[in-house]
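Okay, so here's the structure we're looking at.
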There are 2 protein chains.
Amino acid sequence: MTSPSRRNQQRLHLRRAILEAASRAFADKGYEQLSMRKLAAELECSPGTLYLYFRDKDELLRGVVEESFADLLKTLRAIPDEGDPVRHLKMKLRAYIEFGLRNPNHYQCAFMLPPPDTGERPYKPHPAFDELVQGLRTCVEAGLLPEMDLEMTSQVIWSCIHGLTALLIARPAFPWVVQDNLIDGLIETATAGIARPAATQTEGARHGISRTRART
Amino acid sequence: MTSPSRRNQQRLHLRRAILEAASRAFADKGYEQLSMRKLAAELECSPGTLYLYFRDKDELLRGVVEESFADLLKTLRAIPDEGDPVRHLKMKLRAYIEFGLRNPNHYQCAFMLPPPDTGERPYKPHPAFDELVQGLRTCVEAGLLPEMDLEMTSQVIWSCIHGLTALLIARPAFPWVVQDNLIDGLIETATAGIARPAATQTEGARHGISRTRART
DNA sequence: GGTCATAATGAACACTGTTCAATATAATGG
DNA sequence: CCATTATATTGAACAGTGTTCATTATGACC
């Protein structure tokens with residue numbers, strides 16, 4: 001345990017302290033309301049110090065958000081697979097939505113605000129998204145869902161669950177029906193929708209895909 | 001045409017000029033990047049003047065966003081009903097998404113950012129939302145969709161199309177499949193999903209609604 | 001033309017994220 | 001133990017932000 005390593009440990013310790021204070025402040029104030037100066041004051045250090053540990057506010061909050069999404073990944077992976085892949089998938093979808101509702105500011109930062117533009121190309125989907133793809137693949141392989149374009153279908157499903165999560169976060173005052181029913185309703189609709197991709201109850205409702213496009 | 005009315009006209013004229021300059025700036029810079037000072041500079045007036053016409057930045061941009069959503073409403077109502085209510089509904093859904101993609105900043109301000117908290121209770125859904133409800137109701141009344149909870153179903157459908165719109169806006173760098181296919185895929189999935197609310201291809205996939213809830 | 005309500009101004013206030021020369025602290029070599 | 005050197009911290013300063021308000025200019029009326 002040489003002396004420079006002790007120094008390094010102290011650095012890491014302060015880094016953690018900043019991250020945790022930022023996480024707390026961010027959780028109940030959100031991106032905009034969290035101020036680097038106030039954060040520094042809470043940590044009893046000068047504003048400049050924060051910039052020795054994080055390049056800027058964006059990088060700091062990216063760290064915070066990353067950590068919470070690692071939690072989401074753990075949550076998703078911890079959902080027990082009791083044999084029914086479709087049920088398993090639905091539970092994952094629900095866990096995703098509930099995560100967003102439990103961490104509205106983190107979720108908003110991750111998917112509802114313009115990206116911090118880290119510069120890394122190409123955009124790498126979060127491992128949590130792969131969980132969804134895997135869940136769908138398992139259903140297809142088990143013969144419980146029809147053969148389909150997995151890439152597109154997972155993007156469609158993600159869009160659906162994101163949409164509800166994001167709207168509940170952004171517009172809590174909207175006259176929503178009972179939230180639990182709404183979530184279940186959306187999950188059932190989305191999964192039923194991919195169960196039979198093109199068929200509906202009636203003749204007239206059966207269209208070629210491109211025919212729904214409105215003239216612009 | 002008394003004199004005070006001339007004054008009033010000038011007031012309205014300047015109000016319009018502000019609104020239009022703000023709309024332009026807002027369209028290509030977004031909420032955060034639009035600065036009241038720079039806007040005033042562009043209009044060759046002092047910053048304070050803006051506050052004689054709009055209480056604050058939020059109210060100004062609310063005005064801008066409202067106008068663009070009036071356009072959306074017009075667009076939705078202009079979609080011809082050629083007899084098939086389901087097709088008509090799908091075209092509305094697509095028009096909604098395309099509106100969001102054409103006006104990303106307006107859309108973001110309307111549904112992706114924390115509400116300005118105007119203080120008016122209760123939250124009144126936008127007439128464009130009623131268009132969607134109407135579209136669904138027509139389908140049900142024509143016997144093209146099963147009897148259902150219209151309120152919940154419209155919220156589910158809105159969530160789905162919002163989700164895609166919002167994600168395409170917020171994460172353009174994501175490796176999306178071809179956008180047109182994605183949009184059609186989502187619309188087909190959502191409408192097929194409500195076509196038969198609970199049934200899926202398999203035994204195992206048939207659950208009571210509350211059974212999909214994950215333990216937390 | 002003088003009076004008076006209304007409109008416009010722009011300096012000032014209280015913030016923001018970020019930078020950087022100056023300072024304090026800790027580790028090393030003599 | 002002290003001088004030197006490397007690292008860590010500071011806080012004033014910069015350039016911006018939205019917003020307010022006493023002051024000034026302007027157009028309308030008698």
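Residue numbers start at 1 in each chain; chains themselves are named A, B, ... in the order of the structure tokens; ligands are numbered from 1 in the order shown.
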Within 10 Å of DT4 of chain D using only C-alpha atoms (C1' of nucleotides), minus same-chain residues under 4 positions, as an mmCIF file with all heavy atoms, in the first residue's frame:
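out37.cif, freshly written:
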data_model
loop_
_atom_site.group_PDB
_atom_site.id
_atom_site.type_symbol
_atom_site.label_atom_id
_atom_site.label_comp_id
_atom_site.auth_asym_id
_atom_site.auth_seq_id
_atom_site.Cartn_x
_atom_site.Cartn_y
_atom_site.Cartn_z
ATOM 1 P P DT C 28 5.528 8.711 -2.021
ATOM 2 O OP1 DT C 28 5.319 7.720 -3.103
ATOM 3 O OP2 DT C 28 5.566 8.289 -0.604
ATOM 4 O "O5'" DT C 28 6.872 9.497 -2.345
ATOM 5 C "C5'" DT C 28 6.999 10.182 -3.598
ATOM 6 C "C4'" DT C 28 8.287 10.976 -3.612
ATOM 7 O "O4'" DT C 28 8.205 12.059 -2.661
ATOM 8 C "C3'" DT C 28 9.531 10.172 -3.239
ATOM 9 O "O3'" DT C 28 10.452 10.237 -4.318
ATOM 10 C "C2'" DT C 28 10.056 10.851 -1.970
ATOM 11 C "C1'" DT C 28 9.483 12.261 -2.090
ATOM 12 N N1 DT C 28 9.291 12.990 -0.810
ATOM 13 C C2 DT C 28 9.861 14.228 -0.639
ATOM 14 O O2 DT C 28 10.541 14.770 -1.496
ATOM 15 N N3 DT C 28 9.609 14.825 0.587
ATOM 16 C C4 DT C 28 8.857 14.297 1.625
ATOM 17 O O4 DT C 28 8.703 14.920 2.671
ATOM 18 C C5 DT C 28 8.287 13.004 1.380
ATOM 19 C C7 DT C 28 7.453 12.354 2.434
ATOM 20 C C6 DT C 28 8.521 12.408 0.185
ATOM 21 P P DG C 29 11.800 9.426 -4.254
ATOM 22 O OP1 DG C 29 12.035 8.939 -5.624
ATOM 23 O OP2 DG C 29 11.747 8.471 -3.120
ATOM 24 O "O5'" DG C 29 12.892 10.541 -3.920
ATOM 25 C "C5'" DG C 29 13.107 11.609 -4.863
ATOM 26 C "C4'" DG C 29 14.205 12.526 -4.357
ATOM 27 O "O4'" DG C 29 13.753 13.179 -3.137
ATOM 28 C "C3'" DG C 29 15.520 11.834 -4.011
ATOM 29 O "O3'" DG C 29 16.607 12.668 -4.453
ATOM 30 C "C2'" DG C 29 15.475 11.703 -2.489
ATOM 31 C "C1'" DG C 29 14.663 12.931 -2.077
ATOM 32 N N9 DG C 29 13.860 12.738 -0.872
ATOM 33 C C8 DG C 29 13.107 11.635 -0.536
ATOM 34 N N7 DG C 29 12.483 11.761 0.608
ATOM 35 C C5 DG C 29 12.851 13.025 1.062
ATOM 36 C C6 DG C 29 12.486 13.703 2.258
ATOM 37 O O6 DG C 29 11.741 13.320 3.175
ATOM 38 N N1 DG C 29 13.064 14.971 2.307
ATOM 39 C C2 DG C 29 13.892 15.495 1.344
ATOM 40 N N2 DG C 29 14.360 16.714 1.593
ATOM 41 N N3 DG C 29 14.259 14.873 0.233
ATOM 42 C C4 DG C 29 13.694 13.640 0.158
ATOM 43 P P DG C 30 18.138 12.334 -4.043
ATOM 44 O OP1 DG C 30 18.934 12.784 -5.210
ATOM 45 O OP2 DG C 30 18.210 10.929 -3.577
ATOM 46 O "O5'" DG C 30 18.451 13.293 -2.818
ATOM 47 C "C5'" DG C 30 18.351 14.714 -2.990
ATOM 48 C "C4'" DG C 30 18.817 15.418 -1.721
ATOM 49 O "O4'" DG C 30 17.868 15.162 -0.650
ATOM 50 C "C3'" DG C 30 20.193 14.970 -1.206
ATOM 51 O "O3'" DG C 30 20.930 16.109 -0.774
ATOM 52 C "C2'" DG C 30 19.850 14.066 -0.017
ATOM 53 C "C1'" DG C 30 18.579 14.702 0.501
ATOM 54 N N9 DG C 30 17.692 13.800 1.208
ATOM 55 C C8 DG C 30 17.329 12.511 0.844
ATOM 56 N N7 DG C 30 16.506 11.948 1.682
ATOM 57 C C5 DG C 30 16.310 12.915 2.678
ATOM 58 C C6 DG C 30 15.523 12.865 3.852
ATOM 59 O O6 DG C 30 14.814 11.937 4.259
ATOM 60 N N1 DG C 30 15.612 14.048 4.559
ATOM 61 C C2 DG C 30 16.361 15.142 4.190
ATOM 62 N N2 DG C 30 16.302 16.172 5.002
ATOM 63 N N3 DG C 30 17.108 15.200 3.101
ATOM 64 C C4 DG C 30 17.037 14.054 2.395
#
Check which residues of chain D sit at most 8 Å from segment 17-27 of chain C using only C-alpha atoms (C1' of nucleotides), and return one row each with the closest pair of atoms and their distance in Å to one decimal, ordered by chain and rising number, as CSV.
residue,atom,partner,partner_atom,distance
D:DA6,C1',C:DA27,C1',8.0
D:DT7,C1',C:DA26,C1',7.9
D:DA8,C1',C:DT25,C1',7.1
D:DT9,C1',C:DA24,C1',7.2
D:DT10,C1',C:DT23,C1',7.2
Which of segment 7-142 of chain A end up as alpha helix (DSSP H) when DSSP is run on this backbone - answer as a CSV table (one decimal) with N, CA and C atoms, in the first residue's frame?
chain,number,residue,atom,x,y,z
A,7,ARG,N,-3.5,8.0,-2.0
A,7,ARG,CA,-4.0,9.2,-2.7
A,7,ARG,C,-5.1,8.8,-3.6
A,8,ASN,N,-4.9,7.8,-4.4
A,8,ASN,CA,-5.9,7.3,-5.4
A,8,ASN,C,-7.2,6.9,-4.7
A,9,GLN,N,-7.0,6.2,-3.6
A,9,GLN,CA,-8.2,5.8,-2.9
A,9,GLN,C,-9.0,7.0,-2.4
A,10,GLN,N,-8.3,8.0,-1.9
A,10,GLN,CA,-9.0,9.2,-1.5
A,10,GLN,C,-9.8,9.8,-2.6
A,11,ARG,N,-9.1,9.8,-3.8
A,11,ARG,CA,-9.7,10.3,-5.0
A,11,ARG,C,-11.0,9.6,-5.3
A,12,LEU,N,-10.9,8.2,-5.3
A,12,LEU,CA,-12.1,7.4,-5.6
A,12,LEU,C,-13.2,7.6,-4.5
A,13,HIS,N,-12.7,7.8,-3.3
A,13,HIS,CA,-13.7,8.1,-2.3
A,13,HIS,C,-14.5,9.3,-2.5
A,14,LEU,N,-13.8,10.4,-2.8
A,14,LEU,CA,-14.5,11.7,-3.1
A,14,LEU,C,-15.4,11.5,-4.3
A,15,ARG,N,-14.9,10.8,-5.3
A,15,ARG,CA,-15.6,10.6,-6.5
A,15,ARG,C,-17.0,10.0,-6.2
A,16,ARG,N,-16.9,8.9,-5.4
A,16,ARG,CA,-18.1,8.3,-5.0
A,16,ARG,C,-19.1,9.2,-4.2
A,17,ALA,N,-18.5,10.0,-3.3
A,17,ALA,CA,-19.3,11.0,-2.5
A,17,ALA,C,-20.0,11.9,-3.5
A,18,ILE,N,-19.3,12.4,-4.4
A,18,ILE,CA,-19.9,13.3,-5.4
A,18,ILE,C,-21.1,12.6,-6.1
A,19,LEU,N,-20.8,11.4,-6.6
A,19,LEU,CA,-21.8,10.7,-7.4
A,19,LEU,C,-23.0,10.4,-6.5
A,20,GLU,N,-22.8,10.1,-5.3
A,20,GLU,CA,-23.9,9.8,-4.4
A,20,GLU,C,-24.7,11.1,-4.0
A,21,ALA,N,-24.0,12.1,-3.8
A,21,ALA,CA,-24.7,13.4,-3.5
A,21,ALA,C,-25.5,13.8,-4.7
A,22,ALA,N,-24.8,13.7,-5.9
A,22,ALA,CA,-25.5,14.1,-7.1
A,22,ALA,C,-26.7,13.2,-7.4
A,23,SER,N,-26.6,11.9,-7.1
A,23,SER,CA,-27.7,11.0,-7.3
A,23,SER,C,-28.9,11.4,-6.4
A,24,ARG,N,-28.6,11.7,-5.2
A,24,ARG,CA,-29.7,12.1,-4.3
A,24,ARG,C,-30.4,13.4,-4.8
A,25,ALA,N,-29.6,14.4,-5.0
A,25,ALA,CA,-30.1,15.7,-5.5
A,25,ALA,C,-30.8,15.5,-6.8
A,26,PHE,N,-30.3,14.8,-7.7
A,26,PHE,CA,-30.9,14.6,-9.0
A,26,PHE,C,-32.2,13.9,-8.9
A,27,ALA,N,-32.3,12.9,-8.0
A,27,ALA,CA,-33.5,12.1,-7.8
A,27,ALA,C,-34.7,13.0,-7.5
A,28,ASP,N,-34.5,14.0,-6.6
A,28,ASP,CA,-35.7,14.7,-6.3
A,28,ASP,C,-35.7,16.1,-6.8
A,29,LYS,N,-34.7,16.5,-7.6
A,29,LYS,CA,-34.8,17.8,-8.3
A,29,LYS,C,-34.8,17.8,-9.8
A,30,GLY,N,-34.2,16.7,-10.3
A,30,GLY,CA,-34.1,16.6,-11.8
A,30,GLY,C,-32.9,17.3,-12.4
A,31,TYR,N,-32.7,17.2,-13.6
A,31,TYR,CA,-31.5,17.7,-14.3
A,31,TYR,C,-31.4,19.2,-14.2
A,32,GLU,N,-32.4,19.8,-14.5
A,32,GLU,CA,-32.3,21.3,-14.6
A,32,GLU,C,-32.1,21.9,-13.2
A,33,GLN,N,-32.8,21.4,-12.3
A,33,GLN,CA,-32.8,22.0,-10.9
A,33,GLN,C,-31.5,21.7,-10.1
A,36,MET,N,-24.6,22.7,-10.0
A,36,MET,CA,-23.2,22.3,-9.6
A,36,MET,C,-22.7,23.1,-8.4
A,37,ARG,N,-23.1,24.3,-8.3
A,37,ARG,CA,-22.7,25.2,-7.2
A,37,ARG,C,-23.3,24.7,-5.9
A,38,LYS,N,-24.6,24.4,-5.9
A,38,LYS,CA,-25.3,23.9,-4.7
A,38,LYS,C,-24.8,22.5,-4.3
A,39,LEU,N,-24.5,21.7,-5.3
A,39,LEU,CA,-23.9,20.4,-5.1
A,39,LEU,C,-22.6,20.5,-4.4
A,40,ALA,N,-21.8,21.4,-4.9
A,40,ALA,CA,-20.5,21.7,-4.2
A,40,ALA,C,-20.7,22.2,-2.8
A,41,ALA,N,-21.6,23.1,-2.6
A,41,ALA,CA,-21.8,23.6,-1.3
A,41,ALA,C,-22.2,22.4,-0.3
A,42,GLU,N,-23.1,21.6,-0.8
A,42,GLU,CA,-23.5,20.4,0.0
A,42,GLU,C,-22.4,19.5,0.4
A,47,PRO,N,-16.8,24.8,-6.2
A,47,PRO,CA,-17.4,24.3,-7.5
A,47,PRO,C,-16.3,23.7,-8.4
A,48,GLY,N,-15.2,24.3,-8.4
A,48,GLY,CA,-14.1,23.9,-9.3
A,48,GLY,C,-13.7,22.4,-9.0
A,49,THR,N,-13.8,22.0,-7.8
A,49,THR,CA,-13.4,20.6,-7.4
A,49,THR,C,-14.2,19.6,-8.2
A,50,LEU,N,-15.5,19.8,-8.4
A,50,LEU,CA,-16.3,18.9,-9.1
A,50,LEU,C,-15.7,18.6,-10.5
A,51,TYR,N,-15.1,19.6,-11.1
A,51,TYR,CA,-14.6,19.5,-12.4
A,51,TYR,C,-13.3,18.8,-12.5
A,52,LEU,N,-12.7,18.5,-11.3
A,52,LEU,CA,-11.5,17.6,-11.3
A,52,LEU,C,-11.9,16.2,-11.4
A,53,TYR,N,-13.2,15.9,-11.1
A,53,TYR,CA,-13.7,14.5,-11.1
A,53,TYR,C,-14.6,14.2,-12.3
A,57,LYS,N,-21.2,18.8,-16.1
A,57,LYS,CA,-22.5,18.4,-15.5
A,57,LYS,C,-23.0,17.2,-16.2
A,58,ASP,N,-22.9,17.2,-17.5
A,58,ASP,CA,-23.5,16.1,-18.3
A,58,ASP,C,-22.8,14.7,-17.9
A,59,GLU,N,-21.5,14.8,-17.9
A,59,GLU,CA,-20.8,13.5,-17.6
A,59,GLU,C,-21.1,13.0,-16.2
A,60,LEU,N,-21.2,14.0,-15.3
A,60,LEU,CA,-21.6,13.6,-13.9
A,60,LEU,C,-22.9,12.9,-13.9
A,61,LEU,N,-23.9,13.5,-14.5
A,61,LEU,CA,-25.2,12.9,-14.5
A,61,LEU,C,-25.4,11.7,-15.3
A,62,ARG,N,-24.5,11.6,-16.3
A,62,ARG,CA,-24.5,10.4,-17.1
A,62,ARG,C,-24.1,9.2,-16.2
A,63,GLY,N,-23.1,9.5,-15.3
A,63,GLY,CA,-22.7,8.5,-14.4
A,63,GLY,C,-23.8,8.1,-13.5
A,64,VAL,N,-24.5,9.1,-13.0
A,64,VAL,CA,-25.6,8.8,-12.1
A,64,VAL,C,-26.7,7.9,-12.8
A,65,VAL,N,-27.0,8.3,-14.0
A,65,VAL,CA,-28.1,7.6,-14.7
A,65,VAL,C,-27.6,6.2,-15.1
A,66,GLU,N,-26.3,6.1,-15.4
A,66,GLU,CA,-25.8,4.7,-15.8
A,66,GLU,C,-25.9,3.8,-14.6
A,67,GLU,N,-25.6,4.3,-13.4
A,67,GLU,CA,-25.7,3.4,-12.3
A,67,GLU,C,-27.1,2.9,-12.0
A,68,SER,N,-28.1,3.8,-12.2
A,68,SER,CA,-29.5,3.4,-12.0
A,68,SER,C,-30.0,2.4,-13.0
A,69,PHE,N,-29.4,2.6,-14.2
A,69,PHE,CA,-29.8,1.6,-15.3
A,69,PHE,C,-29.2,0.3,-15.1
A,70,ALA,N,-28.0,0.3,-14.5
A,70,ALA,CA,-27.5,-1.0,-14.1
A,70,ALA,C,-28.4,-1.7,-13.2
A,71,ASP,N,-29.0,-1.0,-12.3
A,71,ASP,CA,-30.1,-1.6,-11.4
A,71,ASP,C,-31.2,-2.2,-12.2
A,72,LEU,N,-31.7,-1.4,-13.2
A,72,LEU,CA,-32.8,-1.9,-14.0
A,72,LEU,C,-32.4,-3.2,-14.6
A,73,LEU,N,-31.1,-3.3,-15.2
A,73,LEU,CA,-30.7,-4.5,-15.8
A,73,LEU,C,-30.7,-5.7,-14.8
A,74,LYS,N,-30.2,-5.4,-13.6
A,74,LYS,CA,-30.2,-6.5,-12.5
A,74,LYS,C,-31.7,-6.9,-12.2
A,75,THR,N,-32.6,-5.9,-12.1
A,75,THR,CA,-34.0,-6.2,-11.9
A,75,THR,C,-34.5,-7.1,-12.9
A,76,LEU,N,-34.3,-6.7,-14.2
A,76,LEU,CA,-34.8,-7.5,-15.3
A,76,LEU,C,-34.3,-9.0,-15.3
A,77,ARG,N,-33.0,-9.1,-15.0
A,77,ARG,CA,-32.4,-10.4,-15.0
A,77,ARG,C,-32.8,-11.2,-13.8
A,78,ALA,N,-33.3,-10.6,-12.8
A,78,ALA,CA,-33.7,-11.3,-11.6
A,78,ALA,C,-35.1,-11.8,-11.7
A,85,PRO,N,-42.5,-18.4,-21.4
A,85,PRO,CA,-41.7,-17.2,-22.0
A,85,PRO,C,-42.6,-16.0,-22.2
A,86,VAL,N,-43.8,-16.1,-22.6
A,86,VAL,CA,-44.6,-14.9,-22.8
A,86,VAL,C,-44.9,-14.2,-21.5
A,87,ARG,N,-45.2,-15.0,-20.5
A,87,ARG,CA,-45.5,-14.4,-19.2
A,87,ARG,C,-44.2,-13.7,-18.7
A,88,HIS,N,-43.1,-14.4,-18.9
A,88,HIS,CA,-41.8,-13.9,-18.5
A,88,HIS,C,-41.5,-12.5,-19.2
A,89,LEU,N,-41.8,-12.5,-20.5
A,89,LEU,CA,-41.6,-11.2,-21.2
A,89,LEU,C,-42.5,-10.1,-20.7
A,90,LYS,N,-43.8,-10.5,-20.4
A,90,LYS,CA,-44.7,-9.5,-19.9
A,90,LYS,C,-44.2,-8.9,-18.5
A,91,MET,N,-43.7,-9.8,-17.7
A,91,MET,CA,-43.2,-9.3,-16.4
A,91,MET,C,-42.0,-8.4,-16.6
A,92,LYS,N,-41.2,-8.7,-17.6
A,92,LYS,CA,-40.0,-7.8,-17.9
A,92,LYS,C,-40.6,-6.4,-18.4
A,93,LEU,N,-41.6,-6.4,-19.2
A,93,LEU,CA,-42.1,-5.2,-19.7
A,93,LEU,C,-42.7,-4.3,-18.5
A,94,ARG,N,-43.4,-5.0,-17.6
A,94,ARG,CA,-43.9,-4.3,-16.5
A,94,ARG,C,-42.8,-3.8,-15.6
A,95,ALA,N,-41.8,-4.6,-15.4
A,95,ALA,CA,-40.7,-4.1,-14.5
A,95,ALA,C,-40.0,-2.9,-15.1
A,96,TYR,N,-39.9,-2.9,-16.4
A,96,TYR,CA,-39.3,-1.7,-17.1
A,96,TYR,C,-40.1,-0.5,-16.8
A,97,ILE,N,-41.4,-0.6,-17.0
A,97,ILE,CA,-42.3,0.6,-16.8
A,97,ILE,C,-42.2,1.1,-15.3
A,98,GLU,N,-42.3,0.1,-14.4
A,98,GLU,CA,-42.2,0.4,-13.0
A,98,GLU,C,-40.9,1.1,-12.6
A,99,PHE,N,-39.9,0.6,-13.2
A,99,PHE,CA,-38.6,1.2,-13.0
A,99,PHE,C,-38.6,2.7,-13.4
A,100,GLY,N,-39.1,3.0,-14.5
A,100,GLY,CA,-39.2,4.4,-15.0
A,100,GLY,C,-40.1,5.2,-14.0
A,101,LEU,N,-41.1,4.7,-13.5
A,101,LEU,CA,-42.0,5.4,-12.6
A,101,LEU,C,-41.3,5.6,-11.3
A,102,ARG,N,-40.5,4.7,-10.9
A,102,ARG,CA,-39.8,4.8,-9.6
A,102,ARG,C,-38.6,5.8,-9.7
A,104,PRO,N,-38.2,8.6,-12.1
A,104,PRO,CA,-38.6,9.5,-13.2
A,104,PRO,C,-37.5,10.4,-13.8
A,105,ASN,N,-36.7,10.9,-12.9
A,105,ASN,CA,-35.7,11.8,-13.4
A,105,ASN,C,-34.6,11.1,-14.1
A,106,HIS,N,-34.2,9.9,-13.6
A,106,HIS,CA,-33.2,9.1,-14.3
A,106,HIS,C,-33.8,8.7,-15.6
A,107,TYR,N,-35.0,8.3,-15.6
A,107,TYR,CA,-35.6,7.8,-16.9
A,107,TYR,C,-35.6,9.0,-17.9
A,127,PRO,N,-27.8,-2.6,-22.6
A,127,PRO,CA,-28.0,-4.0,-22.3
A,127,PRO,C,-29.5,-4.3,-21.9
A,128,ALA,N,-30.1,-3.4,-21.3
A,128,ALA,CA,-31.5,-3.7,-20.9
A,128,ALA,C,-32.4,-3.9,-22.1
A,129,PHE,N,-32.0,-3.2,-23.2
A,129,PHE,CA,-32.8,-3.4,-24.4
A,129,PHE,C,-32.6,-4.8,-25.0
A,130,ASP,N,-31.4,-5.3,-24.8
A,130,ASP,CA,-31.1,-6.7,-25.2
A,130,ASP,C,-31.9,-7.7,-24.5
A,131,GLU,N,-32.2,-7.4,-23.2
A,131,GLU,CA,-33.0,-8.2,-22.4
A,131,GLU,C,-34.4,-8.4,-23.1
A,132,LEU,N,-34.9,-7.3,-23.6
A,132,LEU,CA,-36.2,-7.3,-24.3
A,132,LEU,C,-36.1,-8.2,-25.5
A,133,VAL,N,-35.1,-7.9,-26.3
A,133,VAL,CA,-34.9,-8.7,-27.5
A,133,VAL,C,-34.8,-10.2,-27.2
A,134,GLN,N,-34.0,-10.5,-26.2
A,134,GLN,CA,-33.9,-11.9,-25.8
A,134,GLN,C,-35.3,-12.5,-25.4
A,135,GLY,N,-36.0,-11.7,-24.6
A,135,GLY,CA,-37.3,-12.2,-24.2
A,135,GLY,C,-38.2,-12.5,-25.4
A,136,LEU,N,-38.2,-11.7,-26.4
A,136,LEU,CA,-39.0,-11.9,-27.6
A,136,LEU,C,-38.5,-13.1,-28.3
A,137,ARG,N,-37.1,-13.2,-28.4
A,137,ARG,CA,-36.5,-14.4,-29.2
A,137,ARG,C,-37.0,-15.7,-28.5
A,138,THR,N,-36.9,-15.7,-27.2
A,138,THR,CA,-37.3,-16.9,-26.5
A,138,THR,C,-38.7,-17.3,-26.8
A,139,CYS,N,-39.6,-16.3,-26.9
A,139,CYS,CA,-41.0,-16.6,-27.2
A,139,CYS,C,-41.1,-17.2,-28.6
A,140,VAL,N,-40.4,-16.6,-29.5
A,140,VAL,CA,-40.5,-17.1,-30.9
A,140,VAL,C,-40.0,-18.5,-31.0
A,141,GLU,N,-38.8,-18.7,-30.4
A,141,GLU,CA,-38.2,-20.1,-30.4
A,141,GLU,C,-39.1,-21.1,-29.8
For this session: Please return, as a list in words, all residues of chain D lying within 9 Å of chain B when only C-alpha atoms (C1' of nucleotides) are considered.
Result: DT17, DG18, DT19, DT20, DG27 and DA28 of chain D
Please write the residues from the selection above to a file, keeping N, CA, C and O atoms (P, O5', C5', C4', C3', O3' and C1' of nucleotides), as a PDB file, in the first residue's frame.
ATOM      1  P    DT D  17     -27.644  34.156 -23.437  1.00  0.00           P
ATOM      2  O5'  DT D  17     -28.571  33.685 -22.231  1.00  0.00           O
ATOM      3  C5'  DT D  17     -28.694  32.283 -21.951  1.00  0.00           C
ATOM      4  C4'  DT D  17     -29.408  32.110 -20.633  1.00  0.00           C
ATOM      5  C3'  DT D  17     -30.663  32.946 -20.486  1.00  0.00           C
ATOM      6  O3'  DT D  17     -31.730  32.286 -21.157  1.00  0.00           O
ATOM      7  C1'  DT D  17     -29.372  32.984 -18.469  1.00  0.00           C
ATOM      8  P    DG D  18     -33.039  33.170 -21.504  1.00  0.00           P
ATOM      9  O5'  DG D  18     -33.744  33.318 -20.077  1.00  0.00           O
ATOM     10  C5'  DG D  18     -34.284  32.163 -19.444  1.00  0.00           C
ATOM     11  C4'  DG D  18     -34.970  32.574 -18.151  1.00  0.00           C
ATOM     12  C3'  DG D  18     -36.206  33.447 -18.343  1.00  0.00           C
ATOM     13  O3'  DG D  18     -37.177  33.135 -17.339  1.00  0.00           O
ATOM     14  C1'  DG D  18     -34.575  34.643 -17.103  1.00  0.00           C
ATOM     15  P    DT D  19     -38.587  33.933 -17.399  1.00  0.00           P
ATOM     16  O5'  DT D  19     -38.294  35.217 -16.502  1.00  0.00           O
ATOM     17  C5'  DT D  19     -37.912  35.021 -15.136  1.00  0.00           C
ATOM     18  C4'  DT D  19     -37.706  36.353 -14.462  1.00  0.00           C
ATOM     19  C3'  DT D  19     -38.845  37.368 -14.665  1.00  0.00           C
ATOM     20  O3'  DT D  19     -39.376  37.694 -13.389  1.00  0.00           O
ATOM     21  C1'  DT D  19     -36.706  38.373 -14.937  1.00  0.00           C
ATOM     22  P    DT D  20     -40.659  38.658 -13.276  1.00  0.00           P
ATOM     23  O5'  DT D  20     -40.001  39.989 -12.711  1.00  0.00           O
ATOM     24  C5'  DT D  20     -39.189  39.909 -11.563  1.00  0.00           C
ATOM     25  C4'  DT D  20     -38.573  41.268 -11.240  1.00  0.00           C
ATOM     26  C3'  DT D  20     -39.573  42.433 -11.205  1.00  0.00           C
ATOM     27  O3'  DT D  20     -39.269  43.220 -10.061  1.00  0.00           O
ATOM     28  C1'  DT D  20     -37.795  42.944 -12.668  1.00  0.00           C
ATOM     29  P    DG D  27     -44.710  57.484 -31.510  1.00  0.00           P
ATOM     30  O5'  DG D  27     -46.291  57.324 -31.522  1.00  0.00           O
ATOM     31  C5'  DG D  27     -46.872  56.171 -30.934  1.00  0.00           C
ATOM     32  C4'  DG D  27     -48.129  56.550 -30.159  1.00  0.00           C
ATOM     33  C3'  DG D  27     -49.173  57.329 -30.960  1.00  0.00           C
ATOM     34  O3'  DG D  27     -50.420  56.657 -30.834  1.00  0.00           O
ATOM     35  C1'  DG D  27     -48.723  58.418 -28.904  1.00  0.00           C
ATOM     36  P    DA D  28     -51.731  57.201 -31.529  1.00  0.00           P
ATOM     37  O5'  DA D  28     -52.511  57.826 -30.285  1.00  0.00           O
ATOM     38  C5'  DA D  28     -52.985  56.943 -29.257  1.00  0.00           C
ATOM     39  C4'  DA D  28     -53.888  57.704 -28.288  1.00  0.00           C
ATOM     40  C3'  DA D  28     -55.034  58.483 -28.943  1.00  0.00           C
ATOM     41  O3'  DA D  28     -56.185  58.331 -28.115  1.00  0.00           O
ATOM     42  C1'  DA D  28     -53.709  59.961 -27.670  1.00  0.00           C
TER      43       DA D  28
END
For this session: Enter the distance from atom C1' of DT16 of chain C to atom C1' of DA15 of chain D, in Å, rounded to one decimal.
Result: 10.3 Å
Problem set entry | Computed interatomic separation between atom CA of Pro115 of chain A and atom CA of Pro175 of chain B (Å) |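 These two atoms are separated by 14.5 Å.
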For this session: Find, counting only C-alpha atoms, the residue in A:Ile79, A:Ala166, A:Ile161, A:Cys109 that gets nearest to Glu188 of chain A.
Result: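 The shortest atom-to-atom distance to Glu188 of chain A comes from A:Ile161.
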Give me the residues of chain C that have any atom at most 9 Å from an atom of chain B; for each, the nearest atom pair and the distance in Å, rounded to one decimal. Use only C-alpha atoms (C1' of nucleotides), sort by chain and number, and format it as CSV.
residue,atom,partner,partner_atom,distance
C:DA7,C1',B:Thr49,CA,8.6
C:DA8,C1',B:Thr49,CA,6.3
C:DT9,C1',B:Ser46,CA,6.3
C:DG10,C1',B:Ser46,CA,7.1
